[in-house]
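Q: Just protein.cif, nothing more (mmCIF, N, CA and C atoms and all ligand atoms):
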data_target
#
loop_
_atom_site.label_atom_id
_atom_site.label_comp_id
_atom_site.auth_asym_id
_atom_site.auth_seq_id
_atom_site.Cartn_x
_atom_site.Cartn_y
_atom_site.Cartn_z
N MET A 1 186.02 88.15 -93.78
CA MET A 1 186.33 86.97 -92.96
C MET A 1 187.27 86.02 -93.70
N LEU A 2 186.95 85.72 -94.97
CA LEU A 2 187.82 84.83 -95.76
C LEU A 2 188.90 85.68 -96.43
N THR A 3 190.13 85.28 -96.28
CA THR A 3 191.23 86.08 -96.81
C THR A 3 191.66 85.66 -98.23
N ARG A 4 191.36 84.41 -98.60
CA ARG A 4 191.80 83.92 -99.91
C ARG A 4 191.40 82.47 -100.03
N ILE A 5 191.59 81.87 -101.19
CA ILE A 5 191.50 80.41 -101.30
C ILE A 5 192.86 79.86 -100.92
N ASP A 6 192.89 79.12 -99.82
CA ASP A 6 194.16 78.55 -99.35
C ASP A 6 194.53 77.33 -100.20
N HIS A 7 193.55 76.46 -100.42
CA HIS A 7 193.83 75.27 -101.24
C HIS A 7 192.54 74.63 -101.72
N VAL A 8 192.69 73.79 -102.73
CA VAL A 8 191.63 72.87 -103.11
C VAL A 8 192.14 71.47 -102.78
N GLY A 9 191.27 70.70 -102.14
CA GLY A 9 191.62 69.34 -101.73
C GLY A 9 191.11 68.34 -102.77
N ILE A 10 192.01 67.48 -103.24
CA ILE A 10 191.68 66.53 -104.30
C ILE A 10 191.96 65.12 -103.80
N ALA A 11 190.95 64.28 -103.82
CA ALA A 11 191.09 62.89 -103.38
C ALA A 11 191.70 62.06 -104.50
N CYS A 12 192.66 61.20 -104.15
CA CYS A 12 193.31 60.36 -105.15
C CYS A 12 193.66 59.00 -104.55
N LYS A 13 193.86 58.04 -105.44
CA LYS A 13 194.16 56.68 -104.99
C LYS A 13 195.66 56.45 -104.81
N ASP A 14 196.47 57.19 -105.57
CA ASP A 14 197.92 56.97 -105.56
C ASP A 14 198.60 58.34 -105.45
N LEU A 15 198.98 58.69 -104.23
CA LEU A 15 199.53 60.02 -103.98
C LEU A 15 200.78 60.30 -104.81
N ASP A 16 201.70 59.33 -104.85
CA ASP A 16 202.96 59.57 -105.56
C ASP A 16 202.73 59.80 -107.05
N ALA A 17 201.80 59.03 -107.62
CA ALA A 17 201.49 59.21 -109.04
C ALA A 17 200.85 60.57 -109.28
N LYS A 18 199.99 60.98 -108.36
CA LYS A 18 199.29 62.26 -108.55
C LYS A 18 200.25 63.44 -108.33
N ILE A 19 201.19 63.30 -107.41
CA ILE A 19 202.21 64.34 -107.24
C ILE A 19 203.00 64.49 -108.54
N ALA A 20 203.38 63.36 -109.12
CA ALA A 20 204.15 63.40 -110.36
C ALA A 20 203.35 64.08 -111.47
N PHE A 21 202.04 63.77 -111.53
CA PHE A 21 201.19 64.38 -112.54
C PHE A 21 201.17 65.91 -112.39
N TYR A 22 200.96 66.40 -111.17
CA TYR A 22 200.84 67.84 -110.98
C TYR A 22 202.17 68.57 -111.13
N THR A 23 203.25 67.92 -110.74
CA THR A 23 204.55 68.58 -110.92
C THR A 23 204.97 68.55 -112.39
N ASP A 24 204.75 67.43 -113.06
CA ASP A 24 205.14 67.32 -114.47
C ASP A 24 204.26 68.16 -115.38
N THR A 25 202.96 68.14 -115.12
CA THR A 25 202.01 68.78 -116.04
C THR A 25 201.93 70.28 -115.84
N PHE A 26 201.91 70.69 -114.57
CA PHE A 26 201.67 72.11 -114.27
C PHE A 26 202.88 72.81 -113.66
N GLY A 27 203.94 72.07 -113.42
CA GLY A 27 205.14 72.69 -112.87
C GLY A 27 205.02 73.11 -111.41
N LEU A 28 204.08 72.49 -110.68
CA LEU A 28 203.93 72.83 -109.27
C LEU A 28 205.09 72.24 -108.47
N THR A 29 205.37 72.84 -107.32
CA THR A 29 206.43 72.33 -106.46
C THR A 29 205.82 71.81 -105.15
N VAL A 30 206.42 70.75 -104.64
CA VAL A 30 205.91 70.12 -103.42
C VAL A 30 206.40 70.90 -102.21
N ALA A 31 205.45 71.38 -101.40
CA ALA A 31 205.80 72.12 -100.18
C ALA A 31 205.87 71.20 -98.98
N SER A 32 205.05 70.14 -98.97
CA SER A 32 205.08 69.21 -97.84
C SER A 32 204.41 67.91 -98.23
N ILE A 33 204.87 66.85 -97.60
CA ILE A 33 204.18 65.55 -97.66
C ILE A 33 204.07 65.08 -96.22
N GLU A 34 202.85 64.80 -95.79
CA GLU A 34 202.62 64.46 -94.39
C GLU A 34 201.63 63.31 -94.29
N VAL A 35 201.72 62.57 -93.18
CA VAL A 35 200.67 61.63 -92.82
C VAL A 35 199.89 62.26 -91.67
N ASN A 36 198.57 62.31 -91.83
CA ASN A 36 197.71 62.81 -90.76
C ASN A 36 196.83 61.65 -90.32
N GLU A 37 197.28 60.98 -89.24
CA GLU A 37 196.58 59.78 -88.77
C GLU A 37 195.16 60.12 -88.34
N ALA A 38 194.98 61.29 -87.72
CA ALA A 38 193.65 61.66 -87.22
C ALA A 38 192.65 61.79 -88.36
N GLN A 39 193.13 62.25 -89.52
CA GLN A 39 192.23 62.40 -90.66
C GLN A 39 192.28 61.20 -91.60
N GLY A 40 193.20 60.26 -91.31
CA GLY A 40 193.26 59.04 -92.12
C GLY A 40 193.80 59.26 -93.51
N VAL A 41 194.73 60.20 -93.66
CA VAL A 41 195.25 60.49 -94.99
C VAL A 41 196.78 60.62 -95.00
N ARG A 42 197.33 60.29 -96.17
CA ARG A 42 198.67 60.74 -96.52
C ARG A 42 198.44 61.83 -97.55
N GLU A 43 199.10 62.96 -97.36
CA GLU A 43 198.74 64.11 -98.19
C GLU A 43 199.95 64.93 -98.58
N ALA A 44 199.78 65.67 -99.66
CA ALA A 44 200.84 66.57 -100.13
C ALA A 44 200.23 67.94 -100.40
N MET A 45 201.01 68.97 -100.10
CA MET A 45 200.64 70.34 -100.45
C MET A 45 201.58 70.79 -101.56
N LEU A 46 201.01 71.21 -102.69
CA LEU A 46 201.80 71.66 -103.84
C LEU A 46 201.54 73.15 -104.06
N GLU A 47 202.60 73.91 -104.13
CA GLU A 47 202.45 75.36 -104.29
C GLU A 47 201.99 75.71 -105.68
N VAL A 48 200.95 76.55 -105.73
CA VAL A 48 200.47 77.06 -107.02
C VAL A 48 201.02 78.45 -107.26
N ALA A 49 200.78 79.35 -106.31
CA ALA A 49 201.20 80.74 -106.51
C ALA A 49 201.28 81.44 -105.17
N PRO A 50 202.33 82.25 -104.98
CA PRO A 50 202.39 83.06 -103.77
C PRO A 50 201.47 84.26 -103.91
N GLY A 51 200.91 84.71 -102.80
CA GLY A 51 200.06 85.89 -102.83
C GLY A 51 200.38 86.79 -101.65
N ALA A 52 199.72 87.93 -101.60
CA ALA A 52 200.00 88.92 -100.56
C ALA A 52 199.69 88.36 -99.17
N THR A 53 198.69 87.46 -99.09
CA THR A 53 198.31 86.93 -97.78
C THR A 53 198.71 85.47 -97.62
N GLY A 54 199.50 84.96 -98.54
CA GLY A 54 199.98 83.59 -98.40
C GLY A 54 199.89 82.84 -99.71
N THR A 55 200.49 81.66 -99.71
CA THR A 55 200.54 80.85 -100.92
C THR A 55 199.25 80.05 -101.08
N SER A 56 198.87 79.82 -102.33
CA SER A 56 197.76 78.93 -102.63
C SER A 56 198.32 77.56 -103.01
N TYR A 57 197.58 76.52 -102.63
CA TYR A 57 198.06 75.16 -102.82
C TYR A 57 197.01 74.27 -103.48
N VAL A 58 197.50 73.20 -104.08
CA VAL A 58 196.69 72.02 -104.36
C VAL A 58 197.04 71.02 -103.27
N GLN A 59 196.02 70.50 -102.61
CA GLN A 59 196.22 69.49 -101.56
C GLN A 59 195.76 68.14 -102.12
N LEU A 60 196.69 67.21 -102.21
CA LEU A 60 196.38 65.86 -102.71
C LEU A 60 196.22 64.93 -101.52
N LEU A 61 195.13 64.16 -101.51
CA LEU A 61 194.77 63.34 -100.36
C LEU A 61 194.63 61.89 -100.77
N GLU A 62 195.44 61.03 -100.15
CA GLU A 62 195.33 59.58 -100.38
C GLU A 62 194.90 58.94 -99.07
N PRO A 63 193.84 58.15 -99.07
CA PRO A 63 193.39 57.55 -97.80
C PRO A 63 194.38 56.51 -97.27
N LEU A 64 194.49 56.45 -95.93
CA LEU A 64 195.35 55.43 -95.32
C LEU A 64 194.65 54.08 -95.31
N ALA A 65 193.34 54.08 -95.42
CA ALA A 65 192.55 52.84 -95.41
C ALA A 65 191.20 53.13 -96.05
N PRO A 66 190.52 52.07 -96.53
CA PRO A 66 189.20 52.29 -97.14
C PRO A 66 188.19 52.89 -96.16
N ASP A 67 188.30 52.52 -94.88
CA ASP A 67 187.32 52.96 -93.89
C ASP A 67 187.77 54.27 -93.23
N THR A 68 187.97 55.28 -94.07
CA THR A 68 188.32 56.63 -93.62
C THR A 68 187.45 57.59 -94.42
N PRO A 69 187.33 58.82 -94.00
CA PRO A 69 186.48 59.74 -94.78
C PRO A 69 186.87 59.84 -96.26
N VAL A 70 188.16 59.96 -96.54
CA VAL A 70 188.57 60.06 -97.95
C VAL A 70 188.44 58.71 -98.65
N GLY A 71 188.68 57.62 -97.92
CA GLY A 71 188.49 56.29 -98.50
C GLY A 71 187.05 56.07 -98.91
N ARG A 72 186.12 56.48 -98.06
CA ARG A 72 184.69 56.33 -98.39
C ARG A 72 184.30 57.26 -99.54
N PHE A 73 184.89 58.45 -99.56
CA PHE A 73 184.64 59.38 -100.66
C PHE A 73 185.06 58.76 -101.99
N LEU A 74 186.26 58.16 -102.03
CA LEU A 74 186.76 57.54 -103.26
C LEU A 74 185.84 56.41 -103.69
N ASP A 75 185.35 55.65 -102.73
CA ASP A 75 184.48 54.53 -103.04
C ASP A 75 183.17 55.00 -103.65
N ARG A 76 182.63 56.09 -103.12
CA ARG A 76 181.34 56.61 -103.58
C ARG A 76 181.47 57.42 -104.86
N ARG A 77 182.47 58.26 -104.92
CA ARG A 77 182.52 59.28 -105.98
C ARG A 77 183.70 59.14 -106.92
N GLY A 78 184.70 58.36 -106.53
CA GLY A 78 185.91 58.26 -107.33
C GLY A 78 186.84 59.44 -107.09
N GLU A 79 187.93 59.47 -107.83
CA GLU A 79 188.91 60.54 -107.66
C GLU A 79 188.32 61.89 -108.09
N GLY A 80 188.78 62.94 -107.43
CA GLY A 80 188.34 64.27 -107.86
C GLY A 80 188.30 65.25 -106.72
N LEU A 81 187.64 66.38 -106.99
CA LEU A 81 187.60 67.48 -106.02
C LEU A 81 186.88 67.05 -104.75
N HIS A 82 187.52 67.24 -103.62
CA HIS A 82 186.99 66.78 -102.34
C HIS A 82 186.52 67.93 -101.46
N HIS A 83 187.30 69.00 -101.39
CA HIS A 83 186.88 70.15 -100.57
C HIS A 83 187.63 71.41 -101.00
N VAL A 84 187.12 72.55 -100.52
CA VAL A 84 187.78 73.84 -100.74
C VAL A 84 188.19 74.39 -99.38
N GLY A 85 189.42 74.86 -99.29
CA GLY A 85 189.92 75.44 -98.04
C GLY A 85 190.14 76.94 -98.20
N TYR A 86 189.51 77.73 -97.32
CA TYR A 86 189.65 79.18 -97.36
C TYR A 86 190.53 79.66 -96.21
N GLY A 87 191.38 80.61 -96.48
CA GLY A 87 192.19 81.21 -95.44
C GLY A 87 191.35 82.12 -94.56
N VAL A 88 191.65 82.10 -93.27
CA VAL A 88 191.07 83.05 -92.31
C VAL A 88 192.20 83.53 -91.41
N ALA A 89 192.03 84.75 -90.89
CA ALA A 89 193.06 85.30 -90.01
C ALA A 89 192.90 84.76 -88.58
N ASP A 90 191.66 84.51 -88.17
CA ASP A 90 191.38 84.06 -86.80
C ASP A 90 190.31 82.98 -86.88
N ILE A 91 190.75 81.73 -86.83
CA ILE A 91 189.82 80.62 -87.08
C ILE A 91 188.80 80.48 -85.96
N THR A 92 189.18 80.78 -84.73
CA THR A 92 188.23 80.67 -83.63
C THR A 92 187.10 81.69 -83.78
N ALA A 93 187.46 82.91 -84.13
CA ALA A 93 186.45 83.95 -84.35
C ALA A 93 185.58 83.59 -85.55
N ALA A 94 186.19 83.05 -86.60
CA ALA A 94 185.42 82.68 -87.80
C ALA A 94 184.43 81.57 -87.47
N LEU A 95 184.85 80.56 -86.70
CA LEU A 95 183.95 79.47 -86.34
C LEU A 95 182.78 79.98 -85.51
N THR A 96 183.05 80.88 -84.60
CA THR A 96 181.99 81.44 -83.77
C THR A 96 180.98 82.20 -84.63
N ALA A 97 181.49 83.02 -85.55
CA ALA A 97 180.60 83.81 -86.40
C ALA A 97 179.80 82.92 -87.34
N ILE A 98 180.45 81.95 -87.95
CA ILE A 98 179.77 81.07 -88.92
C ILE A 98 178.77 80.17 -88.19
N GLY A 99 179.18 79.64 -87.04
CA GLY A 99 178.29 78.78 -86.27
C GLY A 99 177.05 79.52 -85.81
N SER A 100 177.20 80.77 -85.44
CA SER A 100 176.05 81.55 -84.95
C SER A 100 175.09 81.89 -86.08
N SER A 101 175.53 81.73 -87.34
CA SER A 101 174.64 81.97 -88.48
C SER A 101 173.83 80.72 -88.81
N GLY A 102 174.07 79.63 -88.09
CA GLY A 102 173.26 78.43 -88.27
C GLY A 102 173.90 77.35 -89.10
N ILE A 103 175.07 77.61 -89.63
CA ILE A 103 175.78 76.59 -90.41
C ILE A 103 176.40 75.58 -89.43
N ARG A 104 176.16 74.30 -89.72
CA ARG A 104 176.69 73.26 -88.83
C ARG A 104 178.21 73.13 -88.98
N LEU A 105 178.86 73.04 -87.86
CA LEU A 105 180.32 72.91 -87.83
C LEU A 105 180.67 71.44 -87.62
N ILE A 106 181.44 70.88 -88.54
CA ILE A 106 181.94 69.52 -88.32
C ILE A 106 182.94 69.55 -87.16
N ASP A 107 183.74 70.58 -87.13
CA ASP A 107 184.72 70.77 -86.04
C ASP A 107 184.30 71.98 -85.22
N GLN A 108 183.93 71.73 -83.98
CA GLN A 108 183.56 72.83 -83.08
C GLN A 108 184.79 73.66 -82.71
N ARG A 109 185.92 72.97 -82.67
CA ARG A 109 187.19 73.62 -82.34
C ARG A 109 188.19 73.30 -83.44
N PRO A 110 189.16 74.18 -83.65
CA PRO A 110 190.18 73.92 -84.68
C PRO A 110 190.98 72.66 -84.36
N ARG A 111 191.42 71.99 -85.40
CA ARG A 111 192.33 70.86 -85.23
C ARG A 111 193.55 71.07 -86.12
N HIS A 112 194.47 70.10 -86.04
CA HIS A 112 195.75 70.26 -86.73
C HIS A 112 195.63 69.91 -88.20
N GLY A 113 196.08 70.80 -89.06
CA GLY A 113 196.09 70.57 -90.50
C GLY A 113 197.51 70.54 -91.05
N SER A 114 197.62 70.68 -92.36
CA SER A 114 198.91 70.61 -93.03
C SER A 114 199.82 71.76 -92.61
N MET A 115 201.09 71.49 -92.54
CA MET A 115 202.12 72.51 -92.34
C MET A 115 201.82 73.38 -91.11
N GLY A 116 201.30 72.75 -90.08
CA GLY A 116 201.11 73.47 -88.82
C GLY A 116 199.90 74.38 -88.77
N ALA A 117 199.06 74.33 -89.79
CA ALA A 117 197.87 75.19 -89.81
C ALA A 117 196.83 74.68 -88.81
N ALA A 118 195.97 75.60 -88.37
CA ALA A 118 194.77 75.23 -87.62
C ALA A 118 193.62 75.20 -88.61
N ILE A 119 192.85 74.10 -88.60
CA ILE A 119 191.80 73.95 -89.61
C ILE A 119 190.49 73.54 -88.94
N ALA A 120 189.40 73.74 -89.66
CA ALA A 120 188.09 73.26 -89.21
C ALA A 120 187.20 73.14 -90.44
N PHE A 121 186.34 72.11 -90.43
CA PHE A 121 185.44 71.87 -91.55
C PHE A 121 184.01 72.29 -91.21
N LEU A 122 183.32 72.78 -92.25
CA LEU A 122 181.90 73.13 -92.16
C LEU A 122 181.11 72.05 -92.89
N HIS A 123 179.86 71.84 -92.45
CA HIS A 123 179.07 70.76 -93.04
C HIS A 123 178.68 71.10 -94.47
N PRO A 124 178.98 70.19 -95.43
CA PRO A 124 178.70 70.51 -96.83
C PRO A 124 177.21 70.76 -97.10
N SER A 125 176.34 70.11 -96.36
CA SER A 125 174.90 70.29 -96.61
C SER A 125 174.46 71.73 -96.37
N ASP A 126 175.20 72.45 -95.54
CA ASP A 126 174.85 73.84 -95.23
C ASP A 126 175.64 74.83 -96.07
N VAL A 127 176.51 74.31 -96.97
CA VAL A 127 177.34 75.17 -97.82
C VAL A 127 177.16 74.76 -99.29
N GLY A 128 175.92 74.51 -99.64
CA GLY A 128 175.61 74.23 -101.04
C GLY A 128 176.26 72.99 -101.60
N GLY A 129 176.49 72.00 -100.73
CA GLY A 129 177.06 70.75 -101.21
C GLY A 129 178.57 70.74 -101.29
N VAL A 130 179.21 71.80 -100.81
CA VAL A 130 180.68 71.89 -100.88
C VAL A 130 181.27 71.67 -99.49
N LEU A 131 182.04 70.61 -99.33
CA LEU A 131 182.77 70.45 -98.08
C LEU A 131 183.75 71.62 -97.98
N THR A 132 183.62 72.40 -96.93
CA THR A 132 184.34 73.67 -96.81
C THR A 132 185.22 73.66 -95.57
N GLU A 133 186.46 74.05 -95.76
CA GLU A 133 187.46 74.04 -94.70
C GLU A 133 187.95 75.47 -94.45
N LEU A 134 188.09 75.81 -93.19
CA LEU A 134 188.73 77.08 -92.83
C LEU A 134 190.17 76.77 -92.42
N VAL A 135 191.09 77.64 -92.84
CA VAL A 135 192.52 77.41 -92.61
C VAL A 135 193.15 78.67 -92.03
N GLN A 136 193.69 78.54 -90.85
CA GLN A 136 194.53 79.62 -90.30
C GLN A 136 195.96 79.13 -90.38
N PRO A 137 196.71 79.64 -91.36
CA PRO A 137 198.09 79.14 -91.56
C PRO A 137 198.96 79.40 -90.32
N ALA A 138 199.99 78.57 -90.19
CA ALA A 138 200.91 78.74 -89.07
C ALA A 138 201.58 80.11 -89.15
N ALA A 139 201.86 80.56 -90.35
CA ALA A 139 202.50 81.87 -90.54
C ALA A 139 202.39 82.23 -92.01
N TRP A 140 202.30 83.50 -92.29
CA TRP A 140 202.39 83.94 -93.68
C TRP A 140 202.99 85.34 -93.69
N PRO A 141 203.54 85.74 -94.84
CA PRO A 141 204.19 87.06 -94.91
C PRO A 141 203.19 88.17 -94.55
N GLY A 142 203.60 89.04 -93.72
CA GLY A 142 202.77 90.20 -93.38
C GLY A 142 201.83 89.98 -92.23
N ARG A 143 201.85 88.74 -91.67
CA ARG A 143 200.93 88.48 -90.58
C ARG A 143 201.35 89.21 -89.34
CO CO A 201 192.25 70.66 -96.85
#
Can the structure in the file be given as structure tokens, please?
A:
Amino acid sequence: MLTRIDHVGIACKDLDAKIAFYTDTFGLTVASIEVNEAQGVREAMLEVAPGATGTSYVQLLEPLAPDTPVGRFLDRRGEGLHHVGYGVADITAALTAIGSSGIRLIDQRPRHGSMGAAIAFLHPSDVGGVLTELVQPAAWPGR
């Protein structure tokens, strides 16, 4: 069902500073910078490595306001790892299968994610404390 680790999501207070850190320190390249009003974030996707089923990314997330999910996360926990995103080939089928196993779905239906992907989150309490995201990329080589 899961095809790969698509990205790790990292919450930060200053997106531009964190982009500079990851590009300077690790040599990552910026694939996209977007504002997602629905999720309350300004975010960047940085390419780590291309793979047979698609590229892996670091996703940097800066809240648009304190009263947003990432804003509240920063307030409670500070900067750091926020979620893990796994690639899936068919997000609707994956949600149906995972939901039928009893795991609570934060998103019953896919919504819009970075770079045109369809995404959905699973409840962290049902995934060992890890906020887990499913990602069906808009396109990848070999699809
Ligand atoms: Co994500």
Q: Any idea what the distance is between CA of Asp6 (chain A) and CA of Thr55 (chain A)?
A: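 Answer for the CA of Asp6 (chain A) to CA of Thr55 (chain A) separation: 7.0 Å.
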Q: Tell me which of A:Ala31, A:Leu61, A:Ile103, A:Leu81 sits closest to Glu43 (chain A), counting only N, CA and C atoms.
A: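 Among the listed residues, A:Leu61 lies closest to Glu43 (chain A).
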Q: Residues within 6.5 Å of ligand CO 201 (chain A), counting all atoms listed in the file: report them as a PyMOL selection string.
A: chain A and resi 7-9+59+83-85+133
Q: Using all atoms listed in the file - which residues lie no farther than 6 Å from the point (197.9, 67.2, -91.9) in the file's frame? Write them as a PyMOL selection string.
A: chain A and resi 34-36+112-115
Q: Store the residues picked out above in a file with N, CA and C atoms, as a compact mmCIF listing (two decimals), in the frame of the given file.
A:
# COMPACT_ATOMS: atom_id res chain seq x y z
N GLU A 34 202.85 64.80 -95.79
CA GLU A 34 202.62 64.46 -94.39
C GLU A 34 201.63 63.31 -94.29
N VAL A 35 201.72 62.57 -93.18
CA VAL A 35 200.67 61.63 -92.82
C VAL A 35 199.89 62.26 -91.67
N ASN A 36 198.57 62.31 -91.83
CA ASN A 36 197.71 62.81 -90.76
C ASN A 36 196.83 61.65 -90.32
N HIS A 112 194.47 70.10 -86.04
CA HIS A 112 195.75 70.26 -86.73
C HIS A 112 195.63 69.91 -88.20
N GLY A 113 196.08 70.80 -89.06
CA GLY A 113 196.09 70.57 -90.50
C GLY A 113 197.51 70.54 -91.05
N SER A 114 197.62 70.68 -92.36
CA SER A 114 198.91 70.61 -93.03
C SER A 114 199.82 71.76 -92.61
N MET A 115 201.09 71.49 -92.54
CA MET A 115 202.12 72.51 -92.34
C MET A 115 201.82 73.38 -91.11
Q: List as a PyMOL selection string the protein and nucleic acid residues near Ser56 (chain A), meaning an atom at most 6 Å away when all atoms listed in the file are counted, but skip any in the same chain fewer than 3 places from it.
A: chain A and resi 5-7+46-51
Q: Measuring between only N, CA and C atoms, which one of A:Leu131, A:Ala94, A:Ala120, A:Ile106 shows the shortest distance to Leu2 (chain A)?
A: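 Among A:Leu131, A:Ala94, A:Ala120, A:Ile106, it is A:Ala94 that comes nearest to Leu2 (chain A).
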Q: Name the residues of chain A that fall into strand (DSSP E or B) according to DSSP on the backbone, using the chain letters and numbers of this document, as a PyMOL selection string.
A: chain A and resi 2-11+29-36+41-49+56-63+80-88+105+111-112+118-122+132-136
Q: What's around Asp107 (chain A) at 8 Å? Count only N, CA and C atoms, leave out sequence neighbours fewer than 4 positions away in its own chain, and write the answer as a PyMOL selection string.
A: chain A and resi 95+111+119-123
